[in-house]
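The file start_36.cif comes next; it holds mmCIF, C-alpha atoms and all ligand atoms.
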```cif
data_protein
loop_
_atom_site.label_atom_id
_atom_site.label_comp_id
_atom_site.auth_asym_id
_atom_site.auth_seq_id
_atom_site.Cartn_x
_atom_site.Cartn_y
_atom_site.Cartn_z
CA MET W 170 -66.41 -29.30 3.91
CA LYS W 171 -62.75 -28.40 3.83
CA ASP W 172 -61.87 -31.32 6.11
CA LYS W 173 -63.80 -33.76 3.96
CA ARG W 174 -61.93 -32.62 0.88
CA SER W 175 -58.61 -32.88 2.65
CA HIS W 176 -59.32 -36.45 3.73
CA PHE W 177 -60.31 -37.40 0.20
CA SER W 178 -57.38 -35.61 -1.36
CA ARG W 179 -54.99 -37.25 1.00
CA ARG W 180 -56.21 -40.71 0.04
CA ILE W 181 -55.92 -40.04 -3.69
CA PHE W 182 -52.49 -38.50 -3.26
CA LEU W 183 -51.22 -41.48 -1.36
CA GLN W 184 -52.70 -43.97 -3.80
CA ASN W 185 -51.05 -42.18 -6.70
CA GLY W 186 -47.82 -41.77 -4.85
CA ILE W 187 -47.54 -45.43 -3.93
CA LYS W 188 -48.55 -46.61 -7.39
CA GLY W 189 -45.95 -44.29 -8.93
CA VAL W 190 -42.88 -45.57 -7.16
CA ALA W 191 -43.78 -49.24 -6.94
CA GLY W 192 -41.12 -51.38 -8.48
CA ALA W 193 -38.61 -48.58 -8.61
CA VAL W 194 -37.62 -48.21 -4.96
CA ILE W 195 -38.45 -49.69 -1.60
CA ILE W 196 -41.49 -47.94 -0.15
CA PRO W 197 -40.72 -46.92 3.42
CA ASP W 198 -43.13 -47.45 6.25
CA LEU W 199 -43.27 -43.71 6.80
CA LEU W 200 -46.87 -43.67 7.83
CA LYS W 201 -46.20 -45.91 10.77
CA SER W 202 -43.13 -43.98 11.79
CA LYS W 203 -43.31 -42.35 15.21
CA PHE W 204 -41.85 -39.24 13.59
CA TYR W 205 -44.82 -38.63 11.29
CA SER W 206 -47.40 -37.69 13.82
CA GLY W 207 -49.09 -34.67 12.22
CA ASP W 208 -52.67 -34.97 11.14
CA ASP W 209 -55.27 -32.77 9.51
CA LYS W 210 -57.28 -32.37 12.71
CA THR W 211 -54.49 -30.46 14.40
CA LYS W 212 -55.45 -26.88 15.14
CA ASN W 213 -52.22 -25.49 13.87
CA LYS W 214 -50.53 -22.47 15.28
CA PHE W 215 -48.57 -20.52 12.68
CA VAL W 216 -45.32 -18.69 13.34
CA TYR W 217 -44.33 -15.92 10.92
CA ARG W 218 -41.02 -14.23 10.20
CA THR W 219 -40.13 -11.42 7.81
CA LEU W 220 -37.91 -12.35 4.88
CA GLY W 221 -35.25 -9.67 5.26
CA ARG W 222 -35.56 -6.55 3.16
CA THR W 223 -38.27 -8.08 0.97
CA GLY W 224 -40.69 -7.42 3.83
CA LEU W 225 -42.56 -10.61 2.93
CA LYS W 226 -44.14 -12.08 6.05
CA LEU W 227 -44.07 -15.85 5.72
CA PRO W 228 -44.86 -18.84 7.93
CA VAL W 229 -41.58 -20.41 9.02
CA VAL W 230 -42.64 -23.57 7.19
CA SER W 231 -42.94 -23.37 3.40
CA ILE W 232 -42.81 -26.11 0.76
CA GLY W 233 -40.10 -27.04 -1.70
CA GLY W 234 -40.45 -28.97 -4.96
CA PRO W 235 -44.09 -30.10 -4.56
CA GLU W 236 -44.91 -32.98 -6.87
CA SER W 237 -48.67 -33.00 -6.64
CA PRO W 238 -51.53 -30.47 -7.02
CA VAL W 239 -53.17 -32.02 -3.97
CA LEU W 240 -50.13 -31.30 -1.85
CA ILE W 241 -50.05 -27.68 -3.03
CA GLU W 242 -53.76 -27.12 -2.51
CA THR W 243 -53.72 -28.69 0.93
CA ALA W 244 -50.67 -26.67 1.95
CA LEU W 245 -52.19 -23.37 0.80
CA ASP W 246 -55.57 -24.18 2.35
CA ARG W 247 -53.78 -24.82 5.63
CA GLY W 248 -51.98 -21.46 5.59
CA ILE W 249 -48.68 -22.13 3.83
CA ILE W 250 -47.81 -19.22 1.53
CA HIS W 251 -44.46 -19.86 -0.07
CA ILE W 252 -43.70 -22.50 -2.73
CA ASN W 253 -40.23 -23.11 -4.10
CA THR W 254 -39.70 -24.77 -7.48
CA SER W 255 -37.18 -24.99 -10.32
CA PRO W 256 -37.27 -25.34 -14.11
CA GLU W 257 -35.12 -28.43 -13.58
CA TYR W 258 -37.77 -30.35 -11.66
CA ASN W 259 -39.49 -32.86 -13.89
CA LYS W 260 -38.06 -31.06 -16.93
CA GLY W 261 -40.18 -27.95 -16.36
CA ASN W 262 -43.36 -29.97 -15.82
CA GLN W 263 -43.41 -29.11 -12.14
CA GLU W 264 -43.68 -25.42 -13.02
CA ILE W 265 -46.51 -26.25 -15.45
CA MET W 266 -48.33 -28.26 -12.78
CA ILE W 267 -47.90 -25.45 -10.22
CA GLY W 268 -49.14 -22.88 -12.75
CA LYS W 269 -52.31 -24.87 -13.41
CA THR W 270 -52.90 -25.49 -9.72
CA LEU W 271 -52.54 -21.83 -8.76
CA ARG W 272 -54.44 -20.43 -11.73
CA ASP W 273 -57.67 -19.70 -9.85
CA ARG W 274 -56.11 -18.39 -6.67
CA PRO W 275 -55.62 -14.64 -6.06
CA ARG W 276 -52.06 -13.77 -7.09
CA THR W 277 -51.34 -12.08 -3.78
CA SER W 278 -52.28 -15.20 -1.80
CA PHE W 279 -49.05 -17.07 -2.58
CA VAL W 280 -45.35 -16.39 -2.95
CA ILE W 281 -43.59 -18.34 -5.68
CA ALA W 282 -39.88 -18.79 -6.23
CA THR W 283 -38.05 -20.36 -9.13
CA GLY W 284 -34.67 -19.80 -10.71
CA PHE W 285 -31.96 -20.43 -13.22
CA ALA W 286 -30.23 -23.73 -12.48
CA MET W 287 -26.47 -23.45 -12.54
CA TRP W 288 -26.00 -26.67 -10.64
CA LYS W 289 -26.21 -28.72 -13.80
CA ARG W 290 -22.71 -27.53 -14.61
CA PRO W 291 -21.19 -26.64 -11.24
CA GLN W 292 -17.64 -26.32 -12.53
CA ASN W 293 -16.73 -23.12 -14.32
CA GLN W 294 -20.14 -21.62 -13.79
CA ILE W 295 -19.02 -18.27 -15.15
CA LYS W 296 -17.79 -19.64 -18.47
CA ASN W 297 -20.82 -21.81 -19.04
CA TYR W 298 -23.58 -19.23 -18.88
CA THR W 299 -24.45 -15.80 -20.26
CA LYS W 300 -26.79 -13.00 -19.25
CA GLU W 301 -29.04 -14.00 -22.15
CA ASN W 302 -29.23 -17.63 -20.93
CA ILE W 303 -30.59 -16.40 -17.59
CA ILE W 304 -33.19 -14.09 -19.11
CA GLU W 305 -34.39 -16.68 -21.63
CA SER W 306 -34.72 -19.29 -18.91
CA PHE W 307 -36.64 -16.82 -16.71
CA GLU W 308 -39.14 -16.04 -19.50
CA ALA W 309 -39.69 -19.77 -20.10
CA SER W 310 -40.38 -20.34 -16.39
CA LEU W 311 -42.84 -17.44 -16.29
CA LYS W 312 -44.71 -18.92 -19.23
CA ARG W 313 -44.86 -22.40 -17.70
CA LEU W 314 -46.08 -20.94 -14.41
CA GLN W 315 -48.71 -18.83 -16.27
CA LEU W 316 -47.73 -15.82 -14.21
CA LYS W 317 -46.99 -12.17 -14.94
CA TYR W 318 -44.27 -12.11 -12.30
CA VAL W 319 -42.52 -14.37 -9.81
CA ASP W 320 -41.82 -13.26 -6.27
CA ILE W 321 -38.26 -14.56 -6.02
CA PHE W 322 -35.93 -15.50 -8.85
CA TYR W 323 -32.69 -17.28 -7.97
CA LEU W 324 -29.38 -18.06 -9.50
CA MET W 325 -29.52 -21.69 -8.38
CA GLY W 326 -26.63 -23.84 -7.26
CA VAL W 327 -24.09 -21.04 -6.98
CA SER W 328 -20.88 -22.38 -5.50
CA GLY W 329 -18.47 -19.46 -5.15
CA ARG W 330 -17.93 -15.75 -4.70
CA GLU W 331 -16.79 -15.22 -8.28
CA THR W 332 -20.14 -16.43 -9.61
CA VAL W 333 -22.13 -14.29 -7.17
CA LEU W 334 -20.30 -11.14 -8.26
CA HIS W 335 -20.00 -11.91 -11.97
CA SER W 336 -21.22 -8.71 -13.71
CA PRO W 337 -23.30 -10.29 -16.53
CA PHE W 338 -25.19 -12.40 -13.97
CA MET W 339 -25.80 -9.39 -11.75
CA GLU W 340 -26.94 -7.35 -14.75
CA ALA W 341 -29.42 -10.08 -15.73
CA MET W 342 -30.83 -10.25 -12.22
CA GLU W 343 -31.06 -6.48 -11.90
CA SER W 344 -32.82 -6.10 -15.23
CA LEU W 345 -35.41 -8.73 -14.25
CA LYS W 346 -36.02 -6.91 -11.02
CA LYS W 347 -36.29 -3.56 -12.77
CA SER W 348 -38.85 -4.97 -15.21
CA GLY W 349 -41.05 -5.99 -12.28
CA LYS W 350 -41.20 -9.56 -13.53
CA ALA W 351 -39.07 -10.72 -10.60
CA ARG W 352 -40.00 -8.87 -7.42
CA TYR W 353 -36.86 -10.04 -5.65
CA VAL W 354 -33.73 -11.88 -6.68
CA GLY W 355 -31.47 -14.26 -4.84
CA LEU W 356 -29.05 -17.15 -4.78
CA THR W 357 -29.31 -20.81 -3.85
CA VAL W 358 -26.32 -22.67 -2.47
CA HIS W 359 -25.53 -26.31 -1.63
CA GLN W 360 -21.79 -26.02 -1.04
CA ASN W 361 -19.35 -23.31 0.13
CA GLU W 362 -22.32 -21.75 1.88
CA PRO W 363 -20.36 -19.27 4.03
CA GLU W 364 -18.45 -17.92 1.02
CA VAL W 365 -21.64 -17.45 -1.01
CA LEU W 366 -23.50 -15.89 1.93
CA TYR W 367 -20.76 -13.32 2.56
CA ALA W 368 -20.56 -12.59 -1.18
CA SER W 369 -24.32 -11.98 -1.27
CA ILE W 370 -23.76 -9.08 1.12
CA ASP W 371 -21.09 -7.58 -1.12
CA GLY W 372 -23.23 -8.09 -4.23
CA LYS W 373 -25.89 -5.80 -2.69
CA ILE W 374 -28.54 -6.75 -5.27
CA TYR W 375 -29.43 -10.14 -3.75
CA ASP W 376 -32.50 -9.97 -1.52
CA VAL W 377 -32.67 -13.64 -0.53
CA VAL W 378 -30.32 -16.60 -0.09
CA LEU W 379 -31.74 -20.13 -0.05
CA THR W 380 -29.09 -22.20 1.68
CA ALA W 381 -28.53 -25.84 2.61
CA TYR W 382 -28.56 -25.94 6.41
CA ASN W 383 -29.16 -28.69 8.93
CA PHE W 384 -27.92 -30.17 12.18
CA ARG W 385 -25.69 -32.69 10.37
CA LYS W 386 -23.66 -30.09 8.48
CA ILE W 387 -20.09 -30.47 9.69
CA TYR W 388 -19.36 -26.74 9.35
CA ARG W 389 -22.78 -25.60 10.55
CA ASP W 390 -21.28 -23.02 12.93
CA GLU W 391 -19.58 -21.22 10.05
CA ILE W 392 -22.83 -21.25 8.08
CA LYS W 393 -24.70 -19.90 11.10
CA SER W 394 -22.27 -16.97 11.47
CA ALA W 395 -22.46 -16.17 7.75
CA ILE W 396 -26.26 -16.29 7.89
CA ALA W 397 -26.24 -13.84 10.83
CA ALA W 398 -24.02 -11.44 8.88
CA ALA W 399 -26.24 -11.66 5.79
CA VAL W 400 -29.37 -11.03 7.85
CA LYS W 401 -27.74 -7.99 9.42
CA ALA W 402 -27.21 -6.67 5.89
CA GLY W 403 -30.92 -7.15 5.12
CA VAL W 404 -30.77 -10.45 3.20
CA GLY W 405 -33.71 -12.81 3.69
CA ILE W 406 -32.65 -16.38 4.52
CA ILE W 407 -34.47 -19.56 3.54
CA ALA W 408 -33.24 -23.03 4.54
CA MET W 409 -33.29 -26.20 2.45
CA LYS W 410 -31.99 -29.75 2.98
CA THR W 411 -33.40 -29.45 6.49
CA GLN W 412 -34.20 -33.17 6.60
CA ALA W 413 -30.49 -34.04 6.53
CA GLY W 414 -30.94 -37.11 4.36
CA VAL W 415 -33.95 -38.56 6.21
CA TYR W 416 -32.11 -41.67 7.51
CA TRP W 417 -29.36 -42.26 10.03
CA ASN W 418 -28.89 -45.61 8.41
CA GLN W 419 -30.66 -46.39 5.19
CA LYS W 420 -29.90 -50.12 5.32
CA THR W 421 -31.59 -50.58 8.69
CA GLN W 422 -34.17 -47.86 7.82
CA GLU W 423 -33.29 -46.01 11.01
CA MET W 424 -34.88 -42.61 10.47
CA ILE W 425 -33.93 -39.16 11.68
CA ASN W 426 -36.61 -37.44 13.76
CA MET W 427 -37.81 -35.09 11.03
CA LYS W 428 -39.75 -32.80 13.34
CA ALA W 429 -36.69 -32.34 15.50
CA ALA W 430 -34.47 -31.75 12.44
CA LEU W 431 -36.79 -29.01 11.18
CA LYS W 432 -37.04 -27.44 14.63
CA TRP W 433 -33.24 -27.39 14.93
CA VAL W 434 -33.07 -25.22 11.79
CA LEU W 435 -35.94 -22.95 12.81
CA GLN W 436 -34.57 -22.34 16.29
CA ASP W 437 -32.18 -19.98 14.57
CA LYS W 438 -34.32 -16.86 14.24
CA ASN W 439 -32.20 -15.75 11.31
CA ILE W 440 -33.81 -18.52 9.28
CA HIS W 441 -36.93 -16.79 8.05
CA THR W 442 -38.55 -19.85 6.54
CA ALA W 443 -37.62 -23.38 5.40
CA VAL W 444 -38.64 -25.32 2.29
CA PRO W 445 -38.77 -29.02 3.20
CA GLU W 446 -39.82 -31.33 0.38
CA PHE W 447 -42.88 -33.07 1.74
CA GLY W 448 -43.52 -36.41 0.05
CA SER W 449 -47.02 -36.94 1.42
CA ILE W 450 -49.84 -35.10 3.15
CA GLU W 451 -48.83 -36.71 6.45
CA GLU W 452 -45.37 -35.27 6.09
CA LEU W 453 -46.86 -31.87 5.30
CA TYR W 454 -49.04 -31.95 8.43
CA THR W 455 -46.07 -33.03 10.49
CA GLY W 456 -44.05 -30.11 9.13
CA ILE W 457 -46.85 -27.64 9.87
CA SER W 458 -47.27 -29.01 13.39
CA VAL W 459 -43.68 -28.02 14.20
CA MET W 460 -44.91 -24.43 14.54
CA GLU W 461 -46.99 -25.33 17.57
CA HIS W 462 -43.90 -25.65 19.69
CA LEU W 463 -40.67 -24.56 18.02
CA GLU W 464 -38.48 -25.38 21.03
CA LEU W 465 -36.67 -28.72 20.89
CA THR W 466 -37.82 -30.96 23.73
CA PRO W 467 -35.12 -32.84 25.72
CA GLU W 468 -36.19 -36.01 23.91
CA GLU W 469 -35.89 -34.39 20.49
CA LYS W 470 -32.43 -33.08 21.37
CA LYS W 471 -31.49 -36.62 22.30
CA ASP W 472 -32.91 -37.90 19.00
CA LEU W 473 -30.64 -35.53 17.07
CA ARG W 474 -27.58 -36.89 18.92
CA LEU W 475 -26.29 -33.37 19.36
CA GLU W 476 -24.08 -34.40 22.24
CA GLY W 477 -20.83 -35.81 20.99
CA ARG W 478 -20.07 -36.76 17.43
CA ALA W 479 -22.98 -37.62 15.19
CA PRO W 480 -22.46 -40.98 13.48
CA GLN W 481 -21.23 -41.18 9.94
CA SER W 482 -23.18 -42.85 7.15
CA GLY W 483 -26.80 -42.06 6.38
CA LEU W 484 -27.60 -40.30 3.14
CA PHE W 485 -26.62 -36.69 3.61
CA CYS W 486 -23.64 -35.66 1.47
CA GLN W 487 -21.82 -32.72 3.02
CA HIS W 488 -20.81 -31.38 -0.42
CA CYS W 489 -17.39 -30.91 1.13
CA GLN W 490 -15.66 -31.80 -2.19
CA GLN W 491 -13.08 -33.88 -0.32
CA CYS W 492 -13.72 -36.79 -2.67
CA ASN W 493 -12.95 -34.86 -5.85
CA SER W 494 -9.20 -34.97 -5.35
CA GLN W 495 -9.27 -38.66 -4.37
CA CYS W 496 -11.16 -40.01 -7.37
CA ARG W 497 -9.48 -41.24 -10.54
CA GLY W 498 -12.37 -40.04 -12.65
CA ASP W 499 -13.47 -36.49 -13.39
CA PHE W 500 -17.13 -36.34 -12.51
CA ASP W 501 -19.36 -34.76 -9.92
CA ILE W 502 -19.49 -37.23 -7.00
CA PRO W 503 -21.51 -34.99 -4.61
CA THR W 504 -24.30 -34.67 -7.18
CA LEU W 505 -24.35 -38.46 -7.61
CA MET W 506 -24.56 -38.80 -3.81
CA ARG W 507 -27.44 -36.30 -3.77
CA SER W 508 -29.17 -38.40 -6.41
CA TYR W 509 -28.75 -41.48 -4.19
CA MET W 510 -30.31 -39.54 -1.30
CA TYR W 511 -33.30 -38.56 -3.46
CA LYS W 512 -33.77 -42.18 -4.46
CA TYR W 513 -33.46 -43.86 -1.09
CA GLY W 514 -34.13 -41.03 1.37
CA TYR W 515 -36.91 -39.04 -0.28
CA HIS W 516 -38.06 -42.01 -2.39
CA ARG W 517 -38.22 -39.82 -5.45
CA PRO W 518 -36.52 -41.76 -8.24
CA LEU W 519 -37.46 -39.24 -10.92
CA LYS W 520 -35.85 -36.43 -8.95
CA ALA W 521 -32.83 -38.68 -8.48
CA LYS W 522 -32.63 -39.16 -12.23
CA GLU W 523 -33.01 -35.43 -12.87
CA ALA W 524 -30.15 -34.63 -10.53
CA ILE W 525 -27.77 -36.67 -12.68
CA ARG W 526 -29.25 -35.76 -16.05
CA HIS W 527 -26.32 -33.54 -16.90
CA ILE W 528 -23.64 -36.00 -15.87
CA GLN W 529 -22.30 -37.90 -18.84
CA SER W 530 -22.26 -41.58 -17.97
CA SER W 531 -19.33 -42.11 -20.33
CA HIS W 532 -17.24 -40.13 -17.82
CA ILE W 533 -18.14 -42.46 -14.97
CA ILE W 534 -15.48 -45.11 -14.86
CA CYS W 535 -16.36 -46.81 -11.56
CA ALA W 536 -17.30 -50.08 -13.27
CA ILE W 537 -13.80 -50.51 -14.65
CA CYS W 538 -11.89 -48.86 -11.81
CA SER W 539 -9.73 -51.50 -10.10
CA PHE W 540 -10.37 -50.21 -6.58
CA CYS W 541 -12.06 -47.15 -5.14
CA SER W 542 -9.59 -44.72 -3.60
CA VAL W 543 -12.27 -42.39 -2.23
CA GLN W 544 -12.47 -42.09 1.55
CA CYS W 545 -15.74 -40.24 2.03
CA ARG W 546 -15.88 -38.30 5.29
CA MET W 547 -19.41 -39.63 5.85
CA GLY W 548 -18.26 -43.20 5.28
CA PHE W 549 -20.29 -43.63 2.08
CA ASP W 550 -19.54 -46.56 -0.18
CA VAL W 551 -19.17 -44.08 -3.01
CA ARG W 552 -18.48 -46.58 -5.78
CA ASN W 553 -21.52 -48.74 -5.12
CA ARG W 554 -23.79 -45.74 -4.70
CA ILE W 555 -22.64 -44.38 -8.04
CA LEU W 556 -23.13 -47.73 -9.79
CA ASP W 557 -26.61 -47.88 -8.28
CA VAL W 558 -27.85 -44.45 -9.38
CA ILE W 559 -26.36 -44.30 -12.86
CA ARG W 560 -28.72 -47.12 -13.82
CA LEU W 561 -31.52 -44.56 -13.50
CA GLN W 562 -30.26 -42.88 -16.65
CA ASP W 563 -31.55 -45.81 -18.70
CA THR W 564 -34.90 -46.09 -16.90
CA PRO W 565 -37.87 -44.39 -18.62
CA ASP W 566 -39.41 -41.53 -16.64
CA ASP W 567 -42.91 -43.02 -16.61
CA ILE W 568 -41.66 -46.06 -14.74
CA LEU W 569 -40.09 -43.84 -12.13
CA VAL W 570 -43.14 -41.72 -11.32
CA SER W 571 -46.83 -41.35 -12.03
CA SER W 572 -48.02 -39.13 -9.22
CA HIS W 573 -48.58 -35.93 -11.21
S1 LIG K 1 -16.39 -36.75 0.69
FE1 LIG K 1 -18.39 -37.72 1.03
S2 LIG K 1 -19.56 -36.09 2.09
FE2 LIG K 1 -17.80 -35.05 1.13
S3 LIG K 1 -18.60 -34.39 -0.88
FE3 LIG K 1 -17.63 -36.41 -1.17
S4 LIG K 1 -19.35 -37.85 -1.02
FE4 LIG K 1 -20.02 -35.92 -0.11
S1 LIG K 2 -14.46 -46.38 -8.13
FE1 LIG K 2 -13.99 -44.66 -6.74
S2 LIG K 2 -11.98 -43.84 -7.41
FE2 LIG K 2 -12.76 -45.17 -9.04
S3 LIG K 2 -13.80 -43.74 -10.43
FE3 LIG K 2 -15.37 -44.55 -9.03
S4 LIG K 2 -15.48 -43.09 -7.34
FE4 LIG K 2 -13.58 -42.65 -8.47
#
```
As C-alpha cells - that is how I would like this structure written.
Ligand code: SF4
Ligand code: SF4
Amino acid sequence: MKDKRSHFSRRIFLQNGIKGVAGAVIIPDLLKSKFYSGDDKTKNKFVYRTLGRTGLKLPVVSIGGPESPVLIETALDRGIIHINTSPEYNKGNQEIMIGKTLRDRPRTSFVIATGFAMWKRPQNQIKNYTKENIIESFEASLKRLQLKYVDIFYLMGVSGRETVLHSPFMEAMESLKKSGKARYVGLTVHQNEPEVLYASIDGKIYDVVLTAYNFRKIYRDEIKSAIAAAVKAGVGIIAMKTQAGVYWNQKTQEMINMKAALKWVLQDKNIHTAVPEFGSIEELYTGISVMEHLELTPEEKKDLRLEGRAPQSGLFCQHCQQCNSQCRGDFDIPTLMRSYMYKYGYHRPLKAKEAIRHIQSSHIICAICSFCSVQCRMGFDVRNRILDVIRLQDTPDDILVSSH
C-alpha cells in the first residue's frame, strides 16, 4: 500500500515540478543521470548520529527547504526525521505548506528547524536587527507552521563573531529557549565558517550550527578543524550546501557525483546530519541510499577529483568575498552568485529570485559598467551571471514555480 502511494506521489510530484519550471529554465536530464540511481524499492539502511548536546538522534540524511508536500511525506514515511526550512523560502509559504503537511503527524515524530534570516542584510547585521525583530519573526514562523514549539531556531546567515556574541541577539535566543517554544537554538553560516563556529563555542548558548561544507570549499580543512572544536564543546553540527553547486560545468551540463559529494561530507563523523535540498523523489531516494555504504568507493573518490586541484568554474560560490574589493559597485556579489546557482544548478528559479529579493537593482550597475574588473577565484563570469539573474526580479512568481 505504501509503495503504491509512493509511486503515485512520485509521478504527480514530477509532473507538477516539470510543469512549474517549464519556460523559466532549462530542465536537466537528471533522471537519466548515472548519479541519480536511488529508487523506492531500495531496502534502505539508516545511519544515526546524535546532534551534540541536544541529544537528538537523527539519520545522517535530513532534508532542507522541501518544496512539496509529497516530498515531505515520502521522506518521513521512509524514515527521515529532520526538516529544515526558513521564513524566507517562498515568502513564508514554505512554512505554511510544511505546517499543513505535518498537521496530522505525531509531534514527536519529526524535528523541525527554522530561523530568523539575517542573510537578507549581511552587512552590519548588528545594526540592522533588534531583539524584538527576532522574537516577532519567531512567533510568525510558529503560527505559519501551526506548531506550539520548534525543535531548532537559528539566527540564519550569521557572518562574524560580533554577531554571534551580540547581547540582544543572545538574549532573544535565550528567552525563546526558556519559554520552551524553541527547544534548541543555533546559528547558520555561509561564509567565515571557522570564525562563526569558534564563536559559537564562546557564546555557550548555541546548541547547533548549520554550516556550509563540501568537498569544493577551498578552506575546507579550516572548517573541519573548527567543526571538531565545536563538537568537542557539545555543539551539534549540521551540513548544508553539500551538493557543491551540482555541476562541474553548467554549460556542458557536466554534473558532480551527488552521492559521492554527500558521502564526502558525512565521512566526517563530526557532521551529525546534512540537509540537502532534494528537487525530486529520485534525488531523495538517492540521498537516502547513501546511508547503505557511507565509505567513498575508489571510483567515487575519482569522481570528486580529490587528487590535485579541482577545476574552477561550476556554480559553487566560495563566499570568499574576494570580489567585493574588486567591484566598482556596492552590492552583494556572492548572494547574486548563489541565486545563479539556484537557478541553473538546483533549477529553482523562485528560490533564485528570493535570494536576491533584498538586493536593490538600482545599486547594480553592471549594465553600464565599462568593463568588469572582478577576477573571481572560481573563474565565474560575474558580470554576465549578475545580468542574467537580476532579470528574475521582474518575473512574476507564478511563472517561476507551480509545484506547491
Ligand atoms: S570571488 Fe568568486 S567565489 Fe569568491 S565570493 Fe566572489 S563570486 Fe564567490
Ligand atoms: S561589471 Fe563587474 S566591476 Fe562592474 S559593477 Fe558589475 S560586477 Fe562590479
Within 7 Å of ligand LIG 2 (chain K), which residues of chain W show up? Give each one with its shortest atom-to-atom distance in Å (one decimal) and the two atoms involved, counting only C-alpha atoms and all ligand atoms, rows by chain then rising residue number, as a tab-separated table.
```
residue	atom	partner	partner_atom	distance
W:Gln495	CA	K:LIG2	S2	6.6
W:Cys496	CA	K:LIG2	FE4	3.7
W:Arg497	CA	K:LIG2	S2	4.8
W:Gly498	CA	K:LIG2	S3	4.5
W:Ile533	CA	K:LIG2	S3	6.4
W:Ile534	CA	K:LIG2	S3	4.9
W:Cys535	CA	K:LIG2	FE3	3.5
W:Ala536	CA	K:LIG2	S1	6.9
W:Cys538	CA	K:LIG2	FE2	4.7
W:Phe540	CA	K:LIG2	S1	5.8
W:Cys541	CA	K:LIG2	FE1	3.5
W:Ser542	CA	K:LIG2	S2	4.6
W:Val543	CA	K:LIG2	FE1	5.3
W:Val551	CA	K:LIG2	S4	5.8
W:Arg552	CA	K:LIG2	S1	4.7
```
| Residues at most 9 Å from ligand LIG 1 (chain K), using all atoms listed in the file? Could they come as a ChimeraX atom specification? | /W:360,485-493,495,502-507,543-551
May I have the selected residues written with C-alpha atoms, as a PDB file, in the coordinates of the input?
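Heads up, here's the output in result_30.pdb:
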```
ATOM      1  CA  GLN W 360     -21.790 -26.020  -1.040  1.00  0.00           C
ATOM      2  CA  PHE W 485     -26.620 -36.690   3.610  1.00  0.00           C
ATOM      3  CA  CYS W 486     -23.640 -35.660   1.470  1.00  0.00           C
ATOM      4  CA  GLN W 487     -21.820 -32.720   3.020  1.00  0.00           C
ATOM      5  CA  HIS W 488     -20.810 -31.380  -0.420  1.00  0.00           C
ATOM      6  CA  CYS W 489     -17.390 -30.910   1.130  1.00  0.00           C
ATOM      7  CA  GLN W 490     -15.660 -31.800  -2.190  1.00  0.00           C
ATOM      8  CA  GLN W 491     -13.080 -33.880  -0.320  1.00  0.00           C
ATOM      9  CA  CYS W 492     -13.720 -36.790  -2.670  1.00  0.00           C
ATOM     10  CA  ASN W 493     -12.950 -34.860  -5.850  1.00  0.00           C
ATOM     11  CA  GLN W 495      -9.270 -38.660  -4.370  1.00  0.00           C
ATOM     12  CA  ILE W 502     -19.490 -37.230  -7.000  1.00  0.00           C
ATOM     13  CA  PRO W 503     -21.510 -34.990  -4.610  1.00  0.00           C
ATOM     14  CA  THR W 504     -24.300 -34.670  -7.180  1.00  0.00           C
ATOM     15  CA  LEU W 505     -24.350 -38.460  -7.610  1.00  0.00           C
ATOM     16  CA  MET W 506     -24.560 -38.800  -3.810  1.00  0.00           C
ATOM     17  CA  ARG W 507     -27.440 -36.300  -3.770  1.00  0.00           C
ATOM     18  CA  VAL W 543     -12.270 -42.390  -2.230  1.00  0.00           C
ATOM     19  CA  GLN W 544     -12.470 -42.090   1.550  1.00  0.00           C
ATOM     20  CA  CYS W 545     -15.740 -40.240   2.030  1.00  0.00           C
ATOM     21  CA  ARG W 546     -15.880 -38.300   5.290  1.00  0.00           C
ATOM     22  CA  MET W 547     -19.410 -39.630   5.850  1.00  0.00           C
ATOM     23  CA  GLY W 548     -18.260 -43.200   5.280  1.00  0.00           C
ATOM     24  CA  PHE W 549     -20.290 -43.630   2.080  1.00  0.00           C
ATOM     25  CA  ASP W 550     -19.540 -46.560  -0.180  1.00  0.00           C
ATOM     26  CA  VAL W 551     -19.170 -44.080  -3.010  1.00  0.00           C
TER      27      VAL W 551
END
```
| field | Shell of 8 Å around Ser310 of chain W, all atoms listed in the file, local chain residues under 5 positions omitted, as a PyMOL selection string | value | chain W and resi 256+261+264+283
Cut-off 12 Å around (-27.0, -41.8, -16.3) with only C-alpha atoms: residues as a PDB file with C-alpha atoms, keeping the file's coordinate frame:
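Below is the file that was written, result_10.pdb:
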```
ATOM      1  CA  PHE W 500     -17.130 -36.340 -12.510  1.00  0.00           C
ATOM      2  CA  THR W 504     -24.300 -34.670  -7.180  1.00  0.00           C
ATOM      3  CA  LEU W 505     -24.350 -38.460  -7.610  1.00  0.00           C
ATOM      4  CA  SER W 508     -29.170 -38.400  -6.410  1.00  0.00           C
ATOM      5  CA  ALA W 521     -32.830 -38.680  -8.480  1.00  0.00           C
ATOM      6  CA  LYS W 522     -32.630 -39.160 -12.230  1.00  0.00           C
ATOM      7  CA  GLU W 523     -33.010 -35.430 -12.870  1.00  0.00           C
ATOM      8  CA  ALA W 524     -30.150 -34.630 -10.530  1.00  0.00           C
ATOM      9  CA  ILE W 525     -27.770 -36.670 -12.680  1.00  0.00           C
ATOM     10  CA  ARG W 526     -29.250 -35.760 -16.050  1.00  0.00           C
ATOM     11  CA  HIS W 527     -26.320 -33.540 -16.900  1.00  0.00           C
ATOM     12  CA  ILE W 528     -23.640 -36.000 -15.870  1.00  0.00           C
ATOM     13  CA  GLN W 529     -22.300 -37.900 -18.840  1.00  0.00           C
ATOM     14  CA  SER W 530     -22.260 -41.580 -17.970  1.00  0.00           C
ATOM     15  CA  SER W 531     -19.330 -42.110 -20.330  1.00  0.00           C
ATOM     16  CA  HIS W 532     -17.240 -40.130 -17.820  1.00  0.00           C
ATOM     17  CA  ILE W 533     -18.140 -42.460 -14.970  1.00  0.00           C
ATOM     18  CA  ILE W 555     -22.640 -44.380  -8.040  1.00  0.00           C
ATOM     19  CA  LEU W 556     -23.130 -47.730  -9.790  1.00  0.00           C
ATOM     20  CA  ASP W 557     -26.610 -47.880  -8.280  1.00  0.00           C
ATOM     21  CA  VAL W 558     -27.850 -44.450  -9.380  1.00  0.00           C
ATOM     22  CA  ILE W 559     -26.360 -44.300 -12.860  1.00  0.00           C
ATOM     23  CA  ARG W 560     -28.720 -47.120 -13.820  1.00  0.00           C
ATOM     24  CA  LEU W 561     -31.520 -44.560 -13.500  1.00  0.00           C
ATOM     25  CA  GLN W 562     -30.260 -42.880 -16.650  1.00  0.00           C
ATOM     26  CA  ASP W 563     -31.550 -45.810 -18.700  1.00  0.00           C
ATOM     27  CA  THR W 564     -34.900 -46.090 -16.900  1.00  0.00           C
ATOM     28  CA  PRO W 565     -37.870 -44.390 -18.620  1.00  0.00           C
TER      29      PRO W 565
END
```
